[in-house]
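Enquirer: Structure supplied as target_34.cif; contents: mmCIF, C-alpha atoms.
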data_my_file
#
loop_
_atom_site.group_PDB
_atom_site.id
_atom_site.type_symbol
_atom_site.label_atom_id
_atom_site.label_comp_id
_atom_site.auth_asym_id
_atom_site.auth_seq_id
_atom_site.Cartn_x
_atom_site.Cartn_y
_atom_site.Cartn_z
ATOM 1 C CA MET A 1 -13.522 21.674 -1.933
ATOM 2 C CA PRO A 2 -13.329 18.029 -3.113
ATOM 3 C CA ARG A 3 -16.652 16.731 -4.351
ATOM 4 C CA GLU A 4 -18.198 13.529 -3.039
ATOM 5 C CA PHE A 5 -17.130 10.203 -4.501
ATOM 6 C CA ILE A 6 -19.849 8.752 -6.729
ATOM 7 C CA SER A 7 -18.513 5.224 -6.350
ATOM 8 C CA THR A 8 -16.797 3.356 -3.553
ATOM 9 C CA LEU A 9 -13.049 3.742 -3.260
ATOM 10 C CA ASN A 10 -12.794 0.810 -0.849
ATOM 11 C CA SER A 11 -13.814 -2.585 -2.293
ATOM 12 C CA SER A 12 -13.813 -4.391 1.072
ATOM 13 C CA GLN A 13 -17.001 -6.028 2.319
ATOM 14 C CA LEU A 14 -15.719 -6.305 5.896
ATOM 15 C CA SER A 15 -16.458 -4.239 8.977
ATOM 16 C CA PRO A 16 -13.691 -2.270 10.737
ATOM 17 C CA GLY A 17 -11.617 -4.586 12.914
ATOM 18 C CA ASP A 18 -12.452 -7.777 10.990
ATOM 19 C CA LEU A 19 -9.557 -10.059 10.092
ATOM 20 C CA GLN A 20 -8.588 -9.152 6.522
ATOM 21 C CA LEU A 21 -5.185 -10.713 5.829
ATOM 22 C CA GLN A 22 -3.633 -13.681 7.618
ATOM 23 C CA ILE A 23 -0.016 -14.683 7.012
ATOM 24 C CA GLU A 24 1.109 -17.985 8.501
ATOM 25 C CA LYS A 25 4.722 -19.165 8.878
ATOM 26 C CA LEU A 26 5.966 -17.637 5.633
ATOM 27 C CA GLN A 27 9.330 -18.931 4.404
ATOM 28 C CA LEU A 28 11.018 -17.307 1.398
ATOM 29 C CA ASN A 29 14.485 -18.426 0.326
ATOM 30 C CA PHE A 30 16.783 -17.177 -2.415
ATOM 31 C CA GLY A 31 19.292 -19.994 -2.757
ATOM 32 C CA GLY A 32 20.840 -20.381 0.671
ATOM 33 C CA VAL A 33 19.603 -16.997 1.911
ATOM 34 C CA ALA A 34 16.384 -16.802 3.918
ATOM 35 C CA ALA A 35 14.676 -13.521 3.020
ATOM 36 C CA LEU A 36 11.741 -14.424 5.287
ATOM 37 C CA SER A 37 11.802 -17.035 8.021
ATOM 38 C CA ASN A 38 8.633 -18.288 9.722
ATOM 39 C CA VAL A 39 6.868 -14.907 9.543
ATOM 40 C CA SER A 40 3.275 -14.814 10.797
ATOM 41 C CA LEU A 41 1.019 -11.796 11.245
ATOM 42 C CA GLU A 42 -2.588 -10.615 10.995
ATOM 43 C CA ILE A 43 -3.915 -7.421 9.435
ATOM 44 C CA HIS A 44 -7.403 -6.126 10.196
ATOM 45 C CA GLN A 45 -9.853 -4.055 8.197
ATOM 46 C CA SER A 46 -9.385 -0.255 8.283
ATOM 47 C CA GLU A 47 -6.083 -0.141 10.161
ATOM 48 C CA ILE A 48 -2.778 1.409 9.148
ATOM 49 C CA PHE A 49 -0.252 -1.397 9.506
ATOM 50 C CA ALA A 50 3.433 -0.529 9.282
ATOM 51 C CA ILE A 51 6.302 -2.907 8.472
ATOM 52 C CA ILE A 52 9.633 -1.589 9.720
ATOM 53 C CA GLY A 53 13.163 -2.867 10.176
ATOM 54 C CA PRO A 54 16.764 -2.168 9.166
ATOM 55 C CA ASN A 55 17.853 -2.379 5.523
ATOM 56 C CA GLY A 56 17.775 -5.962 4.274
ATOM 57 C CA ALA A 57 15.285 -7.041 6.928
ATOM 58 C CA GLY A 58 12.860 -8.573 4.400
ATOM 59 C CA LYS A 59 10.226 -5.825 4.346
ATOM 60 C CA THR A 60 9.851 -5.513 0.570
ATOM 61 C CA SER A 61 10.093 -9.297 0.203
ATOM 62 C CA LEU A 62 7.059 -9.590 2.486
ATOM 63 C CA LEU A 63 5.142 -7.024 0.440
ATOM 64 C CA ASN A 64 6.137 -8.862 -2.743
ATOM 65 C CA CYS A 65 4.733 -12.097 -1.328
ATOM 66 C CA ILE A 66 1.437 -10.413 -0.447
ATOM 67 C CA SER A 67 1.121 -8.882 -3.926
ATOM 68 C CA GLY A 68 2.143 -12.067 -5.751
ATOM 69 C CA LEU A 69 5.501 -10.972 -7.171
ATOM 70 C CA TYR A 70 7.234 -13.600 -5.012
ATOM 71 C CA HIS A 71 5.888 -17.022 -4.100
ATOM 72 C CA PRO A 72 7.133 -18.384 -0.763
ATOM 73 C CA GLN A 73 8.433 -21.943 -0.424
ATOM 74 C CA ARG A 74 6.373 -22.543 2.727
ATOM 75 C CA GLY A 75 3.504 -20.967 4.603
ATOM 76 C CA LYS A 76 0.316 -19.399 3.333
ATOM 77 C CA ILE A 77 -1.421 -16.075 2.851
ATOM 78 C CA VAL A 78 -5.209 -15.886 3.220
ATOM 79 C CA TYR A 79 -7.178 -12.801 2.189
ATOM 80 C CA PHE A 80 -10.709 -12.242 3.467
ATOM 81 C CA ASN A 81 -13.325 -10.179 1.636
ATOM 82 C CA GLY A 82 -16.685 -11.814 2.201
ATOM 83 C CA THR A 83 -15.065 -15.181 1.495
ATOM 84 C CA ALA A 84 -11.573 -16.515 2.200
ATOM 85 C CA HIS A 85 -9.070 -16.567 -0.669
ATOM 86 C CA GLU A 86 -5.697 -18.243 -0.343
ATOM 87 C CA THR A 87 -3.446 -15.995 -2.421
ATOM 88 C CA THR A 88 -0.083 -17.629 -1.669
ATOM 89 C CA HIS A 89 0.580 -18.761 -5.232
ATOM 90 C CA LEU A 90 -1.738 -16.511 -7.234
ATOM 91 C CA ALA A 91 -0.396 -14.240 -9.967
ATOM 92 C CA PRO A 92 -0.170 -10.474 -9.291
ATOM 93 C CA HIS A 93 -3.093 -9.617 -11.592
ATOM 94 C CA GLN A 94 -5.312 -12.174 -9.829
ATOM 95 C CA ILE A 95 -4.469 -10.698 -6.425
ATOM 96 C CA ALA A 96 -5.053 -7.168 -7.724
ATOM 97 C CA ARG A 97 -8.481 -8.176 -9.019
ATOM 98 C CA LEU A 98 -9.376 -9.473 -5.539
ATOM 99 C CA GLY A 99 -8.718 -6.021 -4.075
ATOM 100 C CA ILE A 100 -5.026 -5.730 -3.132
ATOM 101 C CA ALA A 101 -3.208 -2.830 -4.828
ATOM 102 C CA ARG A 102 0.304 -1.514 -4.330
ATOM 103 C CA SER A 103 2.806 1.191 -5.095
ATOM 104 C CA PHE A 104 6.517 0.538 -5.534
ATOM 105 C CA GLN A 105 9.702 1.739 -3.888
ATOM 106 C CA ASN A 106 10.983 2.800 -7.312
ATOM 107 C CA ILE A 107 8.359 4.698 -9.282
ATOM 108 C CA GLU A 108 6.712 2.457 -11.904
ATOM 109 C CA LEU A 109 4.600 4.919 -13.904
ATOM 110 C CA PHE A 110 4.146 5.329 -17.669
ATOM 111 C CA LYS A 111 6.328 8.421 -17.845
ATOM 112 C CA HIS A 112 5.474 9.306 -21.458
ATOM 113 C CA MET A 113 1.748 9.456 -20.615
ATOM 114 C CA SER A 114 -0.272 12.148 -18.844
ATOM 115 C CA VAL A 115 -1.276 12.045 -15.197
ATOM 116 C CA LEU A 116 -4.884 11.411 -16.223
ATOM 117 C CA ASP A 117 -3.974 8.499 -18.499
ATOM 118 C CA ASN A 118 -1.773 6.941 -15.796
ATOM 119 C CA LEU A 119 -4.682 7.041 -13.354
ATOM 120 C CA LEU A 120 -7.060 5.575 -15.935
ATOM 121 C CA SER A 121 -4.618 2.712 -16.490
ATOM 122 C CA GLY A 122 -5.226 1.667 -12.888
ATOM 123 C CA CYS A 123 -8.931 1.141 -13.662
ATOM 124 C CA HIS A 124 -8.372 -1.362 -16.477
ATOM 125 C CA ILE A 125 -8.414 -4.373 -14.165
ATOM 126 C CA HIS A 126 -12.100 -3.744 -13.407
ATOM 127 C CA MET A 127 -13.215 -2.790 -16.929
ATOM 128 C CA LYS A 128 -15.401 -5.304 -18.744
ATOM 129 C CA SER A 129 -15.204 -3.854 -22.278
ATOM 130 C CA ASN A 130 -12.905 -5.664 -24.693
ATOM 131 C CA LEU A 131 -10.488 -4.003 -27.110
ATOM 132 C CA LEU A 132 -12.936 -3.866 -30.021
ATOM 133 C CA GLN A 133 -15.730 -2.412 -27.893
ATOM 134 C CA SER A 134 -13.373 0.211 -26.528
ATOM 135 C CA MET A 135 -12.211 1.182 -30.024
ATOM 136 C CA VAL A 136 -15.803 1.582 -31.246
ATOM 137 C CA TYR A 137 -16.574 3.547 -28.061
ATOM 138 C CA TRP A 138 -20.318 3.114 -28.058
ATOM 139 C CA GLY A 139 -23.023 1.807 -25.776
ATOM 140 C CA ALA A 140 -21.844 -0.068 -22.693
ATOM 141 C CA ALA A 141 -18.177 0.607 -23.410
ATOM 142 C CA GLN A 142 -18.801 4.347 -23.588
ATOM 143 C CA ARG A 143 -20.830 4.353 -20.382
ATOM 144 C CA GLU A 144 -18.162 2.345 -18.585
ATOM 145 C CA HIS A 145 -15.392 4.688 -19.690
ATOM 146 C CA ILE A 146 -17.384 7.754 -18.583
ATOM 147 C CA ALA A 147 -18.048 6.189 -15.159
ATOM 148 C CA TYR A 148 -14.362 5.415 -14.580
ATOM 149 C CA ARG A 149 -13.317 8.812 -15.885
ATOM 150 C CA ARG A 150 -15.592 10.371 -13.280
ATOM 151 C CA PHE A 151 -14.099 8.108 -10.612
ATOM 152 C CA VAL A 152 -10.565 9.175 -11.584
ATOM 153 C CA GLU A 153 -11.615 12.825 -11.336
ATOM 154 C CA ASP A 154 -12.527 12.182 -7.702
ATOM 155 C CA ILE A 155 -9.066 10.715 -7.059
ATOM 156 C CA ILE A 156 -7.508 13.787 -8.676
ATOM 157 C CA ASP A 157 -9.495 15.961 -6.255
ATOM 158 C CA LEU A 158 -8.593 13.770 -3.271
ATOM 159 C CA LEU A 159 -4.848 13.985 -3.979
ATOM 160 C CA GLU A 160 -4.989 17.668 -5.003
ATOM 161 C CA ILE A 161 -3.378 17.181 -8.413
ATOM 162 C CA GLU A 162 -5.879 19.100 -10.540
ATOM 163 C CA ALA A 163 -3.189 21.495 -11.787
ATOM 164 C CA ILE A 164 -1.055 18.691 -13.259
ATOM 165 C CA ARG A 165 -3.799 16.403 -14.589
ATOM 166 C CA ASN A 166 -2.792 16.850 -18.248
ATOM 167 C CA GLN A 167 0.966 17.079 -17.744
ATOM 168 C CA THR A 168 3.335 14.318 -18.826
ATOM 169 C CA VAL A 169 4.381 12.314 -15.782
ATOM 170 C CA GLY A 170 8.065 12.267 -16.740
ATOM 171 C CA ALA A 171 8.192 16.063 -16.488
ATOM 172 C CA LEU A 172 6.913 16.147 -12.898
ATOM 173 C CA SER A 173 8.944 16.421 -9.711
ATOM 174 C CA TYR A 174 9.712 13.247 -7.786
ATOM 175 C CA GLY A 175 7.234 14.072 -5.028
ATOM 176 C CA LEU A 176 4.380 14.612 -7.493
ATOM 177 C CA GLN A 177 5.225 11.377 -9.304
ATOM 178 C CA LYS A 178 4.907 9.514 -5.995
ATOM 179 C CA ARG A 179 1.502 11.127 -5.519
ATOM 180 C CA VAL A 180 0.403 10.045 -9.000
ATOM 181 C CA GLU A 181 1.541 6.490 -8.289
ATOM 182 C CA LEU A 182 -0.581 6.516 -5.140
ATOM 183 C CA GLY A 183 -3.506 7.694 -7.259
ATOM 184 C CA ARG A 184 -3.047 4.904 -9.777
ATOM 185 C CA ALA A 185 -3.140 2.329 -6.970
ATOM 186 C CA LEU A 186 -6.330 3.941 -5.636
ATOM 187 C CA ALA A 187 -7.886 3.700 -9.112
ATOM 188 C CA MET A 188 -7.901 -0.079 -8.602
ATOM 189 C CA LYS A 189 -10.439 0.369 -5.763
ATOM 190 C CA PRO A 190 -8.322 -1.477 -3.194
ATOM 191 C CA ALA A 191 -9.530 -3.143 -0.030
ATOM 192 C CA ILE A 192 -5.868 -3.286 1.011
ATOM 193 C CA LEU A 193 -3.352 -0.701 -0.181
ATOM 194 C CA LEU A 194 0.316 -1.736 -0.036
ATOM 195 C CA LEU A 195 2.755 1.193 0.004
ATOM 196 C CA ASP A 196 6.491 0.547 -0.302
ATOM 197 C CA GLU A 197 8.318 3.586 1.092
ATOM 198 C CA PRO A 198 5.752 6.144 -0.128
ATOM 199 C CA MET A 199 7.760 9.032 1.364
ATOM 200 C CA ALA A 200 11.276 8.031 0.292
ATOM 201 C CA GLY A 201 13.219 10.910 -1.239
ATOM 202 C CA MET A 202 10.686 13.561 -0.204
ATOM 203 C CA ASN A 203 11.275 16.797 1.647
ATOM 204 C CA SER A 204 9.451 17.510 4.914
ATOM 205 C CA GLU A 205 6.544 19.345 3.256
ATOM 206 C CA GLU A 206 5.976 16.536 0.745
ATOM 207 C CA LYS A 207 6.080 13.979 3.568
ATOM 208 C CA GLU A 208 3.431 15.898 5.489
ATOM 209 C CA ASP A 209 1.202 15.967 2.411
ATOM 210 C CA MET A 210 1.643 12.236 1.778
ATOM 211 C CA ALA A 211 0.946 11.385 5.422
ATOM 212 C CA ARG A 212 -2.239 13.475 5.264
ATOM 213 C CA PHE A 213 -3.398 11.678 2.105
ATOM 214 C CA ILE A 214 -2.745 8.267 3.670
ATOM 215 C CA ILE A 215 -4.745 9.220 6.763
ATOM 216 C CA ASP A 216 -7.615 10.524 4.604
ATOM 217 C CA ILE A 217 -7.659 7.332 2.522
ATOM 218 C CA ASN A 218 -7.762 5.277 5.706
ATOM 219 C CA GLU A 219 -10.127 7.321 7.873
ATOM 220 C CA GLU A 220 -12.555 8.722 5.285
ATOM 221 C CA HIS A 221 -12.706 5.718 2.963
ATOM 222 C CA GLY A 222 -11.826 2.865 5.330
ATOM 223 C CA VAL A 223 -9.053 1.464 3.126
ATOM 224 C CA THR A 224 -6.597 -0.750 5.003
ATOM 225 C CA VAL A 225 -3.056 0.571 4.492
ATOM 226 C CA VAL A 226 0.061 -1.578 4.809
ATOM 227 C CA LEU A 227 3.199 0.495 4.474
ATOM 228 C CA ILE A 228 6.949 0.199 4.632
ATOM 229 C CA GLU A 229 8.535 3.429 5.798
ATOM 230 C CA HIS A 230 11.923 4.410 7.242
ATOM 231 C CA ASP A 231 10.795 7.703 8.755
ATOM 232 C CA MET A 232 10.073 6.558 12.292
ATOM 233 C CA GLY A 233 8.401 9.814 13.215
ATOM 234 C CA VAL A 234 5.783 9.257 10.513
ATOM 235 C CA VAL A 235 5.389 5.568 11.370
ATOM 236 C CA MET A 236 4.821 6.228 15.053
ATOM 237 C CA ASP A 237 2.395 9.065 14.345
ATOM 238 C CA ILE A 238 0.036 7.425 11.836
ATOM 239 C CA SER A 239 0.224 3.651 12.435
ATOM 240 C CA ASP A 240 -2.259 1.577 14.409
ATOM 241 C CA GLN A 241 -0.105 -1.570 14.450
ATOM 242 C CA ILE A 242 3.550 -2.209 13.641
ATOM 243 C CA VAL A 243 5.512 -5.353 12.891
ATOM 244 C CA VAL A 244 9.311 -5.287 13.030
ATOM 245 C CA LEU A 245 11.517 -7.519 10.874
ATOM 246 C CA ASN A 246 15.228 -8.170 11.148
ATOM 247 C CA PHE A 247 17.167 -10.612 8.941
ATOM 248 C CA GLY A 248 13.863 -12.021 7.698
ATOM 249 C CA GLN A 249 12.461 -12.768 11.154
ATOM 250 C CA LYS A 250 9.727 -11.031 13.108
ATOM 251 C CA ILE A 251 11.276 -9.551 16.247
ATOM 252 C CA GLY A 252 8.510 -7.234 17.408
ATOM 253 C CA GLU A 253 4.828 -6.490 17.003
ATOM 254 C CA GLY A 254 2.196 -4.264 18.581
ATOM 255 C CA SER A 255 1.035 -0.681 18.857
ATOM 256 C CA PRO A 256 3.583 2.143 18.362
ATOM 257 C CA ASP A 257 3.913 2.601 22.126
ATOM 258 C CA GLU A 258 4.496 -1.116 22.631
ATOM 259 C CA VAL A 259 6.969 -1.524 19.798
ATOM 260 C CA ARG A 260 9.167 1.448 20.669
ATOM 261 C CA ARG A 261 9.871 -0.109 24.087
ATOM 262 C CA GLN A 262 10.641 -3.686 23.037
ATOM 263 C CA PRO A 263 14.310 -4.487 23.738
ATOM 264 C CA ALA A 264 14.790 -6.625 20.604
ATOM 265 C CA VAL A 265 13.533 -3.783 18.422
ATOM 266 C CA ILE A 266 15.742 -1.204 20.099
ATOM 267 C CA GLN A 267 18.776 -3.444 19.755
ATOM 268 C CA ALA A 268 18.113 -4.092 16.054
ATOM 269 C CA TYR A 269 18.048 -0.356 15.346
ATOM 270 C CA LEU A 270 20.673 0.928 17.760
ATOM 271 C CA GLY A 271 22.914 -2.033 18.511
ATOM 272 C CA GLU A 272 22.298 -1.739 22.241
ATOM 273 C CA GLU A 273 19.394 -1.422 24.619
ATOM 274 C CA GLN A 274 18.008 2.090 25.131
ATOM 275 C CA PRO A 275 14.925 3.200 27.054
ATOM 276 C CA ALA A 276 13.162 4.265 23.852
ATOM 277 C CA PHE A 277 13.781 5.315 20.270
ATOM 278 C CA PRO A 278 15.823 8.522 20.552
ATOM 279 C CA PHE A 279 14.068 10.065 17.551
ATOM 280 C CA VAL A 280 10.521 9.484 18.843
ATOM 281 C CA LYS A 281 8.991 11.297 21.775
ATOM 282 C CA THR A 282 7.566 8.960 24.351
ATOM 283 C CA SER A 283 4.189 9.701 25.907
ATOM 284 C CA GLN A 284 4.283 11.171 29.371
#
If you took the structure in this file and wrote it as structure tokens, what would it be?

Expert:
Amino acid sequence: MPREFISTLNSSQLSPGDLQLQIEKLQLNFGGVAALSNVSLEIHQSEIFAIIGPNGAGKTSLLNCISGLYHPQRGKIVYFNGTAHETTHLAPHQIARLGIARSFQNIELFKHMSVLDNLLSGCHIHMKSNLLQSMVYWGAAQREHIAYRRFVEDIIDLLEIEAIRNQTVGALSYGLQKRVELGRALAMKPAILLLDEPMAGMNSEEKEDMARFIIDINEEHGVTVVLIEHDMGVVMDISDQIVVLNFGQKIGEGSPDEVRRQPAVIQAYLGEEQPAFPFVKTSQ
């Protein structure tokens, strides 16, 4: 039975439903290619917000703009957490410190390190001890390390990875590595968690586990989740709101029931109009 968290996993100061991230007329070009064209959307506190679209639609480019890896030529991104912060041209570490964490489509872990050490590395952005204080390991530095170690233990319990806590990450299966990467993002105490294809390459059992963890993170801890995912069954089951991109443009937006019936969305996926997504059951 997972024990109670001793510190807050969610760093947001907002109430559920409050506007948390506002993206206005984002334009991102690579030479003559428009990766994003006039994209606007709003994300609210404590919702699961999915970004979907065919390959090359601009989904990861949008996530990269939110996390600071890309800087758009036009438009702006405003993040709310008590006060408004325009993050459009901030560096990734500045955005992470504000409370926006992410995982990557391709696993970006320290594969020579243990699971525990990888999770602890996610806490460093909040640690106040300098290198010398950490080496001496006394007083405030020791207390800080103990507090974050305890916090990481809670994440280990939440993601059910107690059995692999001391194993080297590079020796783990792909599905477990994806779970550890999720844990490292959670160690940053995010107000918004960005997940780029968290279930890619997983079997059905691993997908079910990951979906359950995402729901727990959202419902039990109130963390806003923004995810890119190609499994439409998962997207339609767990998302509150969905935005659909195609060739860098927003072509659809709304609840799962609304999006699955929009003609432009159906055409982008299937090449012709259909009454609904054939791989998603419609409500009766």

Enquirer: Take atom CA of Leu63 of chain A and atom CA of Val33 of chain A and report the distance between them in Å, one decimal.

Expert: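 About the pair atom CA of Leu63 of chain A and atom CA of Val33 of chain A: they are 17.6 Å apart.
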
Enquirer: Could you list as a ChimeraX atom specification every residue that has an atom within 10 Å of (4.8, -22.2, 6.2), using the file's coordinates and counting only C-alpha atoms?

Expert: /A:23-28,37-40,72-77

Enquirer: Any chance you could work out the residue set of the PyMOL selection byres ((chain A and resi 203-212) around 10) here, as a ChimeraX atom specification?

Expert: /A:159-160,174-176,178-179,182,198-202,213-218,231,234-235,237-238

Enquirer: Restricting the calculation to all atoms listed in the file, which member of A:Tyr79, A:Ala96, A:Asp117, A:Ile52 is positioned closest to Gly233 of chain A?

Expert: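 Using all atoms listed in the file, the shortest distance to Gly233 of chain A belongs to A:Ile52.
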
Enquirer: On this file, the PyMOL selection byres ((chain A and resi 110) around 10) gives some set of residues; write that set as a VMD selection string.

Expert: chain A and resid 107 to 109 111 to 115 117 to 119 121 168 to 170 181

Enquirer: Any chance you could export the current selection's C-alpha atoms as an mmCIF file, keeping the file's coordinate frame?

Expert:
data_model
loop_
_atom_site.group_PDB
_atom_site.id
_atom_site.type_symbol
_atom_site.label_atom_id
_atom_site.label_comp_id
_atom_site.auth_asym_id
_atom_site.auth_seq_id
_atom_site.Cartn_x
_atom_site.Cartn_y
_atom_site.Cartn_z
ATOM 1 C CA ILE A 107 8.359 4.698 -9.282
ATOM 2 C CA GLU A 108 6.712 2.457 -11.904
ATOM 3 C CA LEU A 109 4.600 4.919 -13.904
ATOM 4 C CA LYS A 111 6.328 8.421 -17.845
ATOM 5 C CA HIS A 112 5.474 9.306 -21.458
ATOM 6 C CA MET A 113 1.748 9.456 -20.615
ATOM 7 C CA SER A 114 -0.272 12.148 -18.844
ATOM 8 C CA VAL A 115 -1.276 12.045 -15.197
ATOM 9 C CA ASP A 117 -3.974 8.499 -18.499
ATOM 10 C CA ASN A 118 -1.773 6.941 -15.796
ATOM 11 C CA LEU A 119 -4.682 7.041 -13.354
ATOM 12 C CA SER A 121 -4.618 2.712 -16.490
ATOM 13 C CA THR A 168 3.335 14.318 -18.826
ATOM 14 C CA VAL A 169 4.381 12.314 -15.782
ATOM 15 C CA GLY A 170 8.065 12.267 -16.740
ATOM 16 C CA GLU A 181 1.541 6.490 -8.289
#

Enquirer: For Leu41 of chain A, please output as a ChimeraX atom specification all residues within 12 Å (counting all atoms listed in the file; exclusion window: fewer than 2 positions along the same chain).

Expert: /A:19-26,38-39,43-44,49-51,62,66,75-78,241-245,249-254

Enquirer: Determine the nearest neighbour of Phe104 of chain A from the options A:Met236, A:Ala163, A:Ala147, A:Leu69, counting only C-alpha atoms.

Expert: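 Comparing A:Met236, A:Ala163, A:Ala147, A:Leu69 against Phe104 of chain A, the winner is A:Leu69.
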
Enquirer: Enter the distance from atom CA of Tyr70 of chain A to atom CA of Thr87 of chain A, in Å, rounded to one decimal.

Expert: 11.2 Å
